[in-house]
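> Below is input.txt; it holds compact mmCIF, N, CA and C atoms.
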# COMPACT_ATOMS: atom_id res chain seq x y z
N MET A 202 -7.58 41.94 16.57
CA MET A 202 -6.81 43.10 16.18
C MET A 202 -6.84 43.22 14.66
N LYS A 203 -6.86 44.40 14.23
CA LYS A 203 -6.96 44.67 12.80
C LYS A 203 -5.64 45.25 12.29
N THR A 204 -5.16 44.72 11.17
CA THR A 204 -3.95 45.23 10.54
C THR A 204 -4.29 46.43 9.69
N ASN A 205 -3.52 47.47 9.84
CA ASN A 205 -3.71 48.67 9.04
C ASN A 205 -2.72 48.63 7.89
N ASN A 206 -3.15 48.11 6.73
CA ASN A 206 -2.26 47.95 5.58
C ASN A 206 -1.78 49.27 5.00
N SER A 207 -2.50 50.35 5.25
CA SER A 207 -2.07 51.63 4.71
C SER A 207 -0.81 52.12 5.41
N ASP A 208 -0.51 51.56 6.59
CA ASP A 208 0.68 51.96 7.33
C ASP A 208 1.91 51.12 6.98
N LEU A 209 1.79 50.16 6.07
CA LEU A 209 2.91 49.30 5.70
C LEU A 209 3.99 50.14 5.02
N ARG A 210 5.19 50.07 5.57
CA ARG A 210 6.32 50.80 5.00
C ARG A 210 7.47 49.83 4.79
N VAL A 211 8.16 49.99 3.69
CA VAL A 211 9.35 49.20 3.39
C VAL A 211 10.56 50.10 3.61
N VAL A 212 11.47 49.65 4.45
CA VAL A 212 12.67 50.43 4.75
C VAL A 212 13.88 49.51 4.63
N THR A 213 15.03 50.10 4.31
CA THR A 213 16.25 49.30 4.29
C THR A 213 16.71 49.09 5.72
N LEU A 214 17.27 47.95 5.95
CA LEU A 214 17.79 47.63 7.27
C LEU A 214 19.04 48.46 7.52
N PRO A 215 19.19 49.03 8.71
CA PRO A 215 20.39 49.82 9.00
C PRO A 215 21.66 49.03 8.70
N TRP A 216 22.62 49.66 8.13
CA TRP A 216 23.91 49.09 7.74
C TRP A 216 23.78 48.02 6.67
N SER A 217 22.67 47.97 5.99
CA SER A 217 22.49 47.01 4.91
C SER A 217 22.71 47.70 3.59
N ASP A 218 23.23 46.97 2.63
CA ASP A 218 23.44 47.56 1.30
C ASP A 218 22.25 47.25 0.39
N GLY A 219 21.12 46.92 0.97
CA GLY A 219 19.92 46.65 0.20
C GLY A 219 19.57 45.17 0.11
N LEU A 220 20.46 44.28 0.55
CA LEU A 220 20.16 42.85 0.53
C LEU A 220 19.04 42.49 1.50
N LEU A 221 19.01 43.19 2.62
CA LEU A 221 17.97 42.95 3.63
C LEU A 221 17.11 44.20 3.76
N SER A 222 15.83 43.99 3.86
CA SER A 222 14.91 45.12 4.05
C SER A 222 14.00 44.79 5.22
N ALA A 223 13.34 45.79 5.71
CA ALA A 223 12.40 45.59 6.81
C ALA A 223 11.04 46.16 6.40
N ARG A 224 10.01 45.52 6.87
CA ARG A 224 8.63 45.98 6.67
C ARG A 224 8.09 46.38 8.03
N LEU A 225 7.52 47.56 8.10
CA LEU A 225 6.93 48.09 9.34
C LEU A 225 5.45 48.28 9.15
N TRP A 226 4.67 47.87 10.13
CA TRP A 226 3.24 48.14 10.10
C TRP A 226 2.69 48.09 11.52
N ASN A 227 1.49 48.56 11.68
CA ASN A 227 0.84 48.59 12.99
C ASN A 227 -0.30 47.59 13.03
N VAL A 228 -0.41 46.91 14.17
CA VAL A 228 -1.52 46.01 14.46
C VAL A 228 -2.05 46.44 15.81
N GLY A 229 -3.22 47.03 15.80
CA GLY A 229 -3.76 47.57 17.05
C GLY A 229 -2.84 48.67 17.57
N ASP A 230 -2.40 48.52 18.82
CA ASP A 230 -1.52 49.53 19.40
C ASP A 230 -0.05 49.11 19.36
N ARG A 231 0.27 48.09 18.59
CA ARG A 231 1.64 47.59 18.49
C ARG A 231 2.23 47.83 17.11
N THR A 232 3.53 47.99 17.08
CA THR A 232 4.27 48.11 15.83
C THR A 232 4.94 46.77 15.56
N VAL A 233 4.79 46.28 14.34
CA VAL A 233 5.42 45.03 13.94
C VAL A 233 6.46 45.37 12.88
N VAL A 234 7.62 44.75 13.01
CA VAL A 234 8.68 44.92 12.03
C VAL A 234 9.18 43.53 11.64
N GLY A 235 9.36 43.33 10.35
CA GLY A 235 9.79 42.02 9.88
C GLY A 235 10.80 42.12 8.77
N VAL A 236 11.61 41.09 8.65
CA VAL A 236 12.57 40.96 7.57
C VAL A 236 12.10 39.80 6.72
N PRO A 237 11.44 40.07 5.59
CA PRO A 237 10.86 39.00 4.79
C PRO A 237 11.89 38.01 4.24
N GLU A 238 13.10 38.48 3.98
CA GLU A 238 14.13 37.59 3.45
C GLU A 238 14.49 36.48 4.44
N LEU A 239 14.23 36.73 5.74
CA LEU A 239 14.57 35.76 6.78
C LEU A 239 13.33 35.17 7.44
N GLY A 240 12.16 35.73 7.16
CA GLY A 240 10.94 35.25 7.80
C GLY A 240 10.91 35.56 9.28
N LEU A 241 11.53 36.66 9.68
CA LEU A 241 11.66 37.03 11.09
C LEU A 241 10.83 38.28 11.36
N HIS A 242 10.05 38.25 12.46
CA HIS A 242 9.22 39.39 12.84
C HIS A 242 9.36 39.67 14.33
N CYS A 243 9.32 40.94 14.69
CA CYS A 243 9.34 41.36 16.09
C CYS A 243 8.29 42.45 16.26
N TYR A 244 7.90 42.67 17.49
CA TYR A 244 6.90 43.71 17.75
C TYR A 244 7.31 44.52 18.97
N GLY A 245 6.68 45.66 19.12
CA GLY A 245 6.92 46.52 20.27
C GLY A 245 5.79 47.51 20.43
N LYS A 246 5.79 48.19 21.55
CA LYS A 246 4.76 49.19 21.81
C LYS A 246 5.00 50.45 21.00
N SER A 247 6.23 50.61 20.51
CA SER A 247 6.58 51.77 19.67
C SER A 247 7.52 51.30 18.57
N GLN A 248 7.71 52.13 17.58
CA GLN A 248 8.62 51.78 16.48
C GLN A 248 10.05 51.58 16.97
N PRO A 249 10.59 52.49 17.81
CA PRO A 249 11.96 52.26 18.29
C PRO A 249 12.11 50.94 19.06
N GLU A 250 11.11 50.60 19.87
CA GLU A 250 11.18 49.35 20.62
C GLU A 250 11.17 48.15 19.68
N ALA A 251 10.31 48.17 18.68
CA ALA A 251 10.23 47.07 17.72
C ALA A 251 11.54 46.93 16.94
N LEU A 252 12.11 48.05 16.52
CA LEU A 252 13.36 48.01 15.77
C LEU A 252 14.53 47.52 16.63
N LEU A 253 14.55 47.92 17.90
CA LEU A 253 15.60 47.44 18.80
C LEU A 253 15.48 45.93 19.00
N ARG A 254 14.26 45.45 19.17
CA ARG A 254 14.04 44.01 19.31
C ARG A 254 14.48 43.27 18.05
N LEU A 255 14.18 43.85 16.89
CA LEU A 255 14.57 43.22 15.64
C LEU A 255 16.09 43.17 15.53
N PHE A 256 16.76 44.26 15.83
CA PHE A 256 18.21 44.32 15.76
C PHE A 256 18.82 43.25 16.67
N SER A 257 18.30 43.15 17.90
CA SER A 257 18.79 42.14 18.84
C SER A 257 18.52 40.73 18.34
N ALA A 258 17.33 40.50 17.79
CA ALA A 258 16.97 39.17 17.28
C ALA A 258 17.85 38.78 16.09
N LEU A 259 18.15 39.73 15.22
CA LEU A 259 19.01 39.44 14.07
C LEU A 259 20.41 39.03 14.52
N LEU A 260 20.95 39.74 15.51
CA LEU A 260 22.28 39.39 16.01
C LEU A 260 22.28 38.03 16.71
N LYS A 261 21.23 37.73 17.47
CA LYS A 261 21.14 36.42 18.13
C LYS A 261 21.00 35.31 17.10
N TYR A 262 20.16 35.53 16.09
CA TYR A 262 19.96 34.55 15.04
C TYR A 262 21.27 34.29 14.30
N TYR A 263 22.01 35.36 14.01
CA TYR A 263 23.31 35.24 13.35
C TYR A 263 24.27 34.38 14.19
N ARG A 264 24.33 34.65 15.49
CA ARG A 264 25.23 33.88 16.37
C ARG A 264 24.84 32.41 16.40
N GLN A 265 23.53 32.14 16.45
CA GLN A 265 23.07 30.75 16.46
C GLN A 265 23.44 30.04 15.15
N LEU A 266 23.19 30.70 14.03
CA LEU A 266 23.52 30.10 12.75
C LEU A 266 25.01 29.83 12.63
N LYS A 267 25.80 30.79 13.06
CA LYS A 267 27.25 30.66 12.98
C LYS A 267 27.75 29.52 13.87
N THR A 268 27.16 29.38 15.04
CA THR A 268 27.56 28.34 15.98
C THR A 268 27.27 26.94 15.44
N PHE A 269 26.12 26.78 14.79
CA PHE A 269 25.69 25.46 14.33
C PHE A 269 25.81 25.30 12.81
N LYS A 270 26.79 25.96 12.22
CA LYS A 270 26.94 25.99 10.76
C LYS A 270 26.98 24.60 10.14
N SER A 271 27.62 23.66 10.80
CA SER A 271 27.77 22.32 10.22
C SER A 271 26.44 21.56 10.14
N ARG A 272 25.44 21.99 10.89
CA ARG A 272 24.15 21.30 10.92
C ARG A 272 23.05 22.03 10.14
N LEU A 273 23.38 23.10 9.47
CA LEU A 273 22.36 23.94 8.84
C LEU A 273 21.84 23.36 7.53
N SER A 274 20.57 23.63 7.27
CA SER A 274 19.96 23.29 5.98
C SER A 274 20.41 24.30 4.94
N ALA A 275 20.11 24.03 3.69
CA ALA A 275 20.47 24.95 2.61
C ALA A 275 19.84 26.33 2.81
N ASN A 276 18.58 26.35 3.26
CA ASN A 276 17.89 27.62 3.51
C ASN A 276 18.57 28.40 4.64
N ALA A 277 18.94 27.71 5.70
CA ALA A 277 19.60 28.37 6.82
C ALA A 277 20.99 28.88 6.42
N LEU A 278 21.66 28.18 5.52
CA LEU A 278 22.96 28.66 5.02
C LEU A 278 22.81 29.95 4.23
N VAL A 279 21.71 30.07 3.50
CA VAL A 279 21.43 31.33 2.78
C VAL A 279 21.21 32.45 3.80
N HIS A 280 20.47 32.16 4.87
CA HIS A 280 20.25 33.16 5.93
C HIS A 280 21.59 33.56 6.56
N LEU A 281 22.45 32.57 6.80
CA LEU A 281 23.76 32.86 7.38
C LEU A 281 24.57 33.75 6.44
N ASP A 282 24.54 33.49 5.15
CA ASP A 282 25.26 34.34 4.19
C ASP A 282 24.74 35.77 4.21
N LEU A 283 23.43 35.93 4.23
CA LEU A 283 22.84 37.28 4.28
C LEU A 283 23.24 38.01 5.55
N LEU A 284 23.13 37.31 6.68
CA LEU A 284 23.45 37.95 7.96
C LEU A 284 24.95 38.19 8.12
N THR A 285 25.78 37.32 7.58
CA THR A 285 27.23 37.53 7.63
C THR A 285 27.58 38.80 6.87
N HIS A 286 26.99 38.98 5.71
CA HIS A 286 27.23 40.19 4.92
C HIS A 286 26.77 41.43 5.70
N TRP A 287 25.62 41.32 6.35
CA TRP A 287 25.08 42.44 7.13
C TRP A 287 25.98 42.77 8.31
N VAL A 288 26.41 41.76 9.07
CA VAL A 288 27.26 41.98 10.24
C VAL A 288 28.62 42.54 9.80
N ASN A 289 29.16 42.03 8.70
CA ASN A 289 30.42 42.58 8.19
C ASN A 289 30.28 44.06 7.84
N GLY A 290 29.13 44.44 7.31
CA GLY A 290 28.87 45.85 7.01
C GLY A 290 28.85 46.69 8.28
N ILE A 291 28.24 46.17 9.32
CA ILE A 291 28.21 46.88 10.61
C ILE A 291 29.63 47.05 11.14
N GLU A 292 30.40 45.96 11.14
CA GLU A 292 31.77 46.01 11.64
C GLU A 292 32.62 46.97 10.82
N HIS A 293 32.44 46.98 9.52
CA HIS A 293 33.20 47.88 8.66
C HIS A 293 32.89 49.34 8.97
N LYS A 294 31.60 49.65 9.13
CA LYS A 294 31.23 51.05 9.42
C LYS A 294 31.72 51.49 10.80
N MET A 295 31.76 50.54 11.75
CA MET A 295 32.20 50.90 13.10
C MET A 295 33.72 51.05 13.19
N THR A 296 34.46 50.40 12.30
CA THR A 296 35.91 50.45 12.36
C THR A 296 36.52 51.28 11.25
N ALA A 297 35.71 51.82 10.35
CA ALA A 297 36.24 52.59 9.22
C ALA A 297 36.99 53.81 9.74
N GLN A 298 38.18 53.99 9.22
CA GLN A 298 39.00 55.12 9.62
C GLN A 298 38.79 56.28 8.65
N SER A 299 38.79 57.46 9.17
CA SER A 299 38.66 58.65 8.35
C SER A 299 39.95 58.86 7.56
N THR A 300 39.83 59.37 6.35
CA THR A 300 41.01 59.65 5.53
C THR A 300 41.70 60.94 5.97
N GLU A 301 40.97 61.78 6.69
CA GLU A 301 41.55 63.03 7.19
C GLU A 301 41.96 62.84 8.64
N PRO A 302 43.10 63.38 9.03
CA PRO A 302 43.51 63.26 10.43
C PRO A 302 42.53 64.01 11.34
N ALA A 303 42.33 63.47 12.52
CA ALA A 303 41.43 64.10 13.48
C ALA A 303 42.05 65.38 14.02
N ALA A 304 41.22 66.35 14.28
CA ALA A 304 41.70 67.61 14.84
C ALA A 304 42.14 67.39 16.28
N VAL A 305 43.25 68.02 16.65
CA VAL A 305 43.77 67.93 18.01
C VAL A 305 43.35 69.18 18.74
N ILE A 306 42.76 68.99 19.91
CA ILE A 306 42.30 70.12 20.70
C ILE A 306 43.24 70.29 21.89
N ASP A 307 43.74 71.49 22.07
CA ASP A 307 44.57 71.81 23.22
C ASP A 307 43.64 71.99 24.41
N MET A 308 43.63 70.99 25.31
CA MET A 308 42.69 71.01 26.41
C MET A 308 42.93 72.16 27.39
N ALA A 309 44.18 72.61 27.52
CA ALA A 309 44.48 73.74 28.41
C ALA A 309 43.79 75.00 27.89
N SER A 310 43.92 75.26 26.60
CA SER A 310 43.29 76.44 26.01
C SER A 310 41.77 76.30 26.04
N TYR A 311 41.29 75.08 25.79
CA TYR A 311 39.84 74.83 25.76
C TYR A 311 39.22 75.09 27.14
N SER A 312 39.84 74.59 28.19
CA SER A 312 39.28 74.75 29.53
C SER A 312 39.33 76.22 29.98
N GLN A 313 40.37 76.96 29.56
CA GLN A 313 40.47 78.37 29.93
C GLN A 313 39.41 79.20 29.21
N SER A 314 39.07 78.83 27.99
CA SER A 314 38.09 79.58 27.23
C SER A 314 36.68 79.37 27.79
N LYS A 315 36.46 78.29 28.51
CA LYS A 315 35.14 77.99 29.08
C LYS A 315 34.91 78.70 30.40
N ARG A 316 35.96 79.29 30.96
CA ARG A 316 35.82 79.96 32.26
C ARG A 316 35.24 81.32 32.15
I need this file expressed as structure tokens, please.


Amino acid sequence: MKTNNSDLRVVTLPWSDGLLSARLWNVGDRTVVGVPELGLHCYGKSQPEALLRLFSALLKYYRQLKTFKSRLSANALVHLDLLTHWVNGIEHKMTAQSTEPAAVIDMASYSQSKR
């Protein structure tokens, strides 16, 4: 299989503040995505599949590092710090409350207007 270097793209990892980045490229008919800061790579038949696999692998890797924190090497502790920051960013974005109150919809009026 031949790597197509012209297709190499550098993208920020979703919910990352720039500490972690991802590299995307194609090898044959597969898409490869990697996080160079962690030395982690995943592949898929399409870009969405590869990115989903990467997202899942990052979360699994984070859980493993967190579980075995007392046994980690210095390099693995750096990975844990990076992933902890990334996961905290995800949790913050998912739980962030809007500063404006949500609009209240009168469901009786709404259902009558749809008839």

> Which one of A:Lys270, A:His286, A:His242, A:Lys294 sits closest to A:Leu255 if you count all atoms listed in the file?

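Comparing A:Lys270, A:His286, A:His242, A:Lys294 against A:Leu255, the winner is A:His242.
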
> If you count only C-alpha atoms, which residues fall within 12 Å of stretch 222-229 of chain A, apart from same-chain ones fewer than 2 positions away, as number ranges by chain?

A: 202-220, 231-249, 251-252, 255-256, 259, 283-284, 287

> Taking the DSSP assignment computed from this structure's backbone, write out as an MDAnalysis selection string all residues of stretch 204-286 of chain A that belong to strand (DSSP E).

chainID A and resid 204:213 222:228 231:236 241:245

> Using the selection just defined, write its residues with N, CA and C atoms as a PDB file, in the coordinates of the input.


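And here's again09.pdb as it stands now:
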ATOM      1  N   THR A 204      -5.160  44.720  11.170  1.00  0.00           N
ATOM      2  CA  THR A 204      -3.950  45.230  10.540  1.00  0.00           C
ATOM      3  C   THR A 204      -4.290  46.430   9.690  1.00  0.00           C
ATOM      4  N   ASN A 205      -3.520  47.470   9.840  1.00  0.00           N
ATOM      5  CA  ASN A 205      -3.710  48.670   9.040  1.00  0.00           C
ATOM      6  C   ASN A 205      -2.720  48.630   7.890  1.00  0.00           C
ATOM      7  N   ASN A 206      -3.150  48.110   6.730  1.00  0.00           N
ATOM      8  CA  ASN A 206      -2.260  47.950   5.580  1.00  0.00           C
ATOM      9  C   ASN A 206      -1.780  49.270   5.000  1.00  0.00           C
ATOM     10  N   SER A 207      -2.500  50.350   5.250  1.00  0.00           N
ATOM     11  CA  SER A 207      -2.070  51.630   4.710  1.00  0.00           C
ATOM     12  C   SER A 207      -0.810  52.120   5.410  1.00  0.00           C
ATOM     13  N   ASP A 208      -0.510  51.560   6.590  1.00  0.00           N
ATOM     14  CA  ASP A 208       0.680  51.960   7.330  1.00  0.00           C
ATOM     15  C   ASP A 208       1.910  51.120   6.980  1.00  0.00           C
ATOM     16  N   LEU A 209       1.790  50.160   6.070  1.00  0.00           N
ATOM     17  CA  LEU A 209       2.910  49.300   5.700  1.00  0.00           C
ATOM     18  C   LEU A 209       3.990  50.140   5.020  1.00  0.00           C
ATOM     19  N   ARG A 210       5.190  50.070   5.570  1.00  0.00           N
ATOM     20  CA  ARG A 210       6.320  50.800   5.000  1.00  0.00           C
ATOM     21  C   ARG A 210       7.470  49.830   4.790  1.00  0.00           C
ATOM     22  N   VAL A 211       8.160  49.990   3.690  1.00  0.00           N
ATOM     23  CA  VAL A 211       9.350  49.200   3.390  1.00  0.00           C
ATOM     24  C   VAL A 211      10.560  50.100   3.610  1.00  0.00           C
ATOM     25  N   VAL A 212      11.470  49.650   4.450  1.00  0.00           N
ATOM     26  CA  VAL A 212      12.670  50.430   4.750  1.00  0.00           C
ATOM     27  C   VAL A 212      13.880  49.510   4.630  1.00  0.00           C
ATOM     28  N   THR A 213      15.030  50.100   4.310  1.00  0.00           N
ATOM     29  CA  THR A 213      16.250  49.300   4.290  1.00  0.00           C
ATOM     30  C   THR A 213      16.710  49.090   5.720  1.00  0.00           C
ATOM     31  N   SER A 222      15.830  43.990   3.860  1.00  0.00           N
ATOM     32  CA  SER A 222      14.910  45.120   4.050  1.00  0.00           C
ATOM     33  C   SER A 222      14.000  44.790   5.220  1.00  0.00           C
ATOM     34  N   ALA A 223      13.340  45.790   5.710  1.00  0.00           N
ATOM     35  CA  ALA A 223      12.400  45.590   6.810  1.00  0.00           C
ATOM     36  C   ALA A 223      11.040  46.160   6.400  1.00  0.00           C
ATOM     37  N   ARG A 224      10.010  45.520   6.870  1.00  0.00           N
ATOM     38  CA  ARG A 224       8.630  45.980   6.670  1.00  0.00           C
ATOM     39  C   ARG A 224       8.090  46.380   8.030  1.00  0.00           C
ATOM     40  N   LEU A 225       7.520  47.560   8.100  1.00  0.00           N
ATOM     41  CA  LEU A 225       6.930  48.090   9.340  1.00  0.00           C
ATOM     42  C   LEU A 225       5.450  48.280   9.150  1.00  0.00           C
ATOM     43  N   TRP A 226       4.670  47.870  10.130  1.00  0.00           N
ATOM     44  CA  TRP A 226       3.240  48.140  10.100  1.00  0.00           C
ATOM     45  C   TRP A 226       2.690  48.090  11.520  1.00  0.00           C
ATOM     46  N   ASN A 227       1.490  48.560  11.680  1.00  0.00           N
ATOM     47  CA  ASN A 227       0.840  48.590  12.990  1.00  0.00           C
ATOM     48  C   ASN A 227      -0.300  47.590  13.030  1.00  0.00           C
ATOM     49  N   VAL A 228      -0.410  46.910  14.170  1.00  0.00           N
ATOM     50  CA  VAL A 228      -1.520  46.010  14.460  1.00  0.00           C
ATOM     51  C   VAL A 228      -2.050  46.440  15.810  1.00  0.00           C
ATOM     52  N   ARG A 231       0.270  48.090  18.590  1.00  0.00           N
ATOM     53  CA  ARG A 231       1.640  47.590  18.490  1.00  0.00           C
ATOM     54  C   ARG A 231       2.230  47.830  17.110  1.00  0.00           C
ATOM     55  N   THR A 232       3.530  47.990  17.080  1.00  0.00           N
ATOM     56  CA  THR A 232       4.270  48.110  15.830  1.00  0.00           C
ATOM     57  C   THR A 232       4.940  46.770  15.560  1.00  0.00           C
ATOM     58  N   VAL A 233       4.790  46.280  14.340  1.00  0.00           N
ATOM     59  CA  VAL A 233       5.420  45.030  13.940  1.00  0.00           C
ATOM     60  C   VAL A 233       6.460  45.370  12.880  1.00  0.00           C
ATOM     61  N   VAL A 234       7.620  44.750  13.010  1.00  0.00           N
ATOM     62  CA  VAL A 234       8.680  44.920  12.030  1.00  0.00           C
ATOM     63  C   VAL A 234       9.180  43.530  11.640  1.00  0.00           C
ATOM     64  N   GLY A 235       9.360  43.330  10.350  1.00  0.00           N
ATOM     65  CA  GLY A 235       9.790  42.020   9.880  1.00  0.00           C
ATOM     66  C   GLY A 235      10.800  42.120   8.770  1.00  0.00           C
ATOM     67  N   VAL A 236      11.610  41.090   8.650  1.00  0.00           N
ATOM     68  CA  VAL A 236      12.570  40.960   7.570  1.00  0.00           C
ATOM     69  C   VAL A 236      12.100  39.800   6.720  1.00  0.00           C
ATOM     70  N   LEU A 241      11.530  36.660   9.680  1.00  0.00           N
ATOM     71  CA  LEU A 241      11.660  37.030  11.090  1.00  0.00           C
ATOM     72  C   LEU A 241      10.830  38.280  11.360  1.00  0.00           C
ATOM     73  N   HIS A 242      10.050  38.250  12.460  1.00  0.00           N
ATOM     74  CA  HIS A 242       9.220  39.390  12.840  1.00  0.00           C
ATOM     75  C   HIS A 242       9.360  39.670  14.330  1.00  0.00           C
ATOM     76  N   CYS A 243       9.320  40.940  14.690  1.00  0.00           N
ATOM     77  CA  CYS A 243       9.340  41.360  16.090  1.00  0.00           C
ATOM     78  C   CYS A 243       8.290  42.450  16.260  1.00  0.00           C
ATOM     79  N   TYR A 244       7.900  42.670  17.490  1.00  0.00           N
ATOM     80  CA  TYR A 244       6.900  43.710  17.750  1.00  0.00           C
ATOM     81  C   TYR A 244       7.310  44.520  18.970  1.00  0.00           C
ATOM     82  N   GLY A 245       6.680  45.660  19.120  1.00  0.00           N
ATOM     83  CA  GLY A 245       6.920  46.520  20.270  1.00  0.00           C
ATOM     84  C   GLY A 245       5.790  47.510  20.430  1.00  0.00           C
TER      85      GLY A 245
END

> From the list A:Tyr263, A:Thr268, A:Asp230, A:Glu292, which residue is nearest A:His280 when using only N, CA and C atoms?

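Ranking A:Tyr263, A:Thr268, A:Asp230, A:Glu292 by distance to A:His280, first place goes to A:Tyr263.
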
> Please compute the atom CA of A:Phe269-atom CA of A:Val288 distance, one decimal, in Å.

17.1 Å

> Grab the atom C of A:Leu266 to atom N of A:Val279 distance for me, in Å with one decimal place.

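Here the two named atoms are 9.7 Å from each other.
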
> Report, in Å to a single decimal, how far apart atom CA of A:Lys267 and atom CA of A:Thr285 are.

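Separation between atom CA of A:Thr285 and atom CA of A:Lys267: 8.7 Å.
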
> Could you tell me, as a list of chain:residue names, which residues of stretch 214-257 of chain A DSSP assigns to alpha helix (DSSP H) when given the backbone?

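Selecting the alpha helix (DSSP H) positions of stretch 214-257 of chain A gives A:Gln248, A:Pro249, A:Glu250, A:Ala251, A:Leu252, A:Leu253, A:Arg254, A:Leu255, A:Phe256, A:Ser257.
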
> Would you mind exporting N, CA and C atoms of the selected residues as a CSV table (one decimal), keeping the file's coordinate frame?


chain,number,residue,atom,x,y,z
A,248,GLN,N,7.7,52.1,17.6
A,248,GLN,CA,8.6,51.8,16.5
A,248,GLN,C,10.0,51.6,17.0
A,249,PRO,N,10.6,52.5,17.8
A,249,PRO,CA,12.0,52.3,18.3
A,249,PRO,C,12.1,50.9,19.1
A,250,GLU,N,11.1,50.6,19.9
A,250,GLU,CA,11.2,49.4,20.6
A,250,GLU,C,11.2,48.2,19.7
A,251,ALA,N,10.3,48.2,18.7
A,251,ALA,CA,10.2,47.1,17.7
A,251,ALA,C,11.5,46.9,16.9
A,252,LEU,N,12.1,48.0,16.5
A,252,LEU,CA,13.4,48.0,15.8
A,252,LEU,C,14.5,47.5,16.6
A,253,LEU,N,14.6,47.9,17.9
A,253,LEU,CA,15.6,47.4,18.8
A,253,LEU,C,15.5,45.9,19.0
A,254,ARG,N,14.3,45.4,19.2
A,254,ARG,CA,14.0,44.0,19.3
A,254,ARG,C,14.5,43.3,18.0
A,255,LEU,N,14.2,43.8,16.9
A,255,LEU,CA,14.6,43.2,15.6
A,255,LEU,C,16.1,43.2,15.5
A,256,PHE,N,16.8,44.3,15.8
A,256,PHE,CA,18.2,44.3,15.8
A,256,PHE,C,18.8,43.2,16.7
A,257,SER,N,18.3,43.2,17.9
A,257,SER,CA,18.8,42.1,18.8
A,257,SER,C,18.5,40.7,18.3

> Since the input lacks some atoms of stretch 236-241 of chain A, please model all heavy atoms and print them as a PDB file, in the frame of the given file.


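Result went into rebuild-v5.pdb, see below:
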ATOM      1  N   VAL A 236      11.610  41.090   8.650  1.00  0.00           N
ATOM      2  CA  VAL A 236      12.570  40.960   7.570  1.00  0.00           C
ATOM      3  C   VAL A 236      12.100  39.800   6.720  1.00  0.00           C
ATOM      4  O   VAL A 236      12.299  38.635   7.084  1.00  0.00           O
ATOM      5  CB  VAL A 236      14.002  40.723   8.097  1.00  0.00           C
ATOM      6  CG1 VAL A 236      14.990  40.548   6.951  1.00  0.00           C
ATOM      7  CG2 VAL A 236      14.441  41.857   8.997  1.00  0.00           C
ATOM      8  N   PRO A 237      11.440  40.070   5.590  1.00  0.00           N
ATOM      9  CA  PRO A 237      10.860  39.000   4.790  1.00  0.00           C
ATOM     10  C   PRO A 237      11.890  38.010   4.240  1.00  0.00           C
ATOM     11  O   PRO A 237      11.586  36.835   4.082  1.00  0.00           O
ATOM     12  CB  PRO A 237      10.131  39.730   3.658  1.00  0.00           C
ATOM     13  CG  PRO A 237      10.582  41.128   3.700  1.00  0.00           C
ATOM     14  CD  PRO A 237      11.181  41.395   5.031  1.00  0.00           C
ATOM     15  N   GLU A 238      13.100  38.480   3.980  1.00  0.00           N
ATOM     16  CA  GLU A 238      14.130  37.590   3.450  1.00  0.00           C
ATOM     17  C   GLU A 238      14.490  36.480   4.440  1.00  0.00           C
ATOM     18  O   GLU A 238      14.958  35.410   4.051  1.00  0.00           O
ATOM     19  CB  GLU A 238      15.409  38.377   3.107  1.00  0.00           C
ATOM     20  CG  GLU A 238      15.244  39.374   2.001  1.00  0.00           C
ATOM     21  CD  GLU A 238      14.760  40.751   2.474  1.00  0.00           C
ATOM     22  OE1 GLU A 238      14.471  40.914   3.669  1.00  0.00           O
ATOM     23  OE2 GLU A 238      14.666  41.653   1.622  1.00  0.00           O
ATOM     24  N   LEU A 239      14.230  36.730   5.740  1.00  0.00           N
ATOM     25  CA  LEU A 239      14.570  35.760   6.780  1.00  0.00           C
ATOM     26  C   LEU A 239      13.330  35.170   7.440  1.00  0.00           C
ATOM     27  O   LEU A 239      13.443  34.231   8.241  1.00  0.00           O
ATOM     28  CB  LEU A 239      15.437  36.427   7.859  1.00  0.00           C
ATOM     29  CG  LEU A 239      16.750  37.041   7.375  1.00  0.00           C
ATOM     30  CD1 LEU A 239      17.436  37.778   8.510  1.00  0.00           C
ATOM     31  CD2 LEU A 239      17.655  35.993   6.778  1.00  0.00           C
ATOM     32  N   GLY A 240      12.160  35.730   7.160  1.00  0.00           N
ATOM     33  CA  GLY A 240      10.940  35.250   7.800  1.00  0.00           C
ATOM     34  C   GLY A 240      10.910  35.560   9.280  1.00  0.00           C
ATOM     35  O   GLY A 240      10.316  34.836  10.077  1.00  0.00           O
ATOM     36  N   LEU A 241      11.530  36.660   9.680  1.00  0.00           N
ATOM     37  CA  LEU A 241      11.660  37.030  11.090  1.00  0.00           C
ATOM     38  C   LEU A 241      10.830  38.280  11.360  1.00  0.00           C
ATOM     39  O   LEU A 241      10.900  39.246  10.598  1.00  0.00           O
ATOM     40  CB  LEU A 241      13.141  37.302  11.398  1.00  0.00           C
ATOM     41  CG  LEU A 241      13.529  37.584  12.819  1.00  0.00           C
ATOM     42  CD1 LEU A 241      13.304  36.341  13.681  1.00  0.00           C
ATOM     43  CD2 LEU A 241      14.989  37.988  12.882  1.00  0.00           C
TER      44      LEU A 241
END
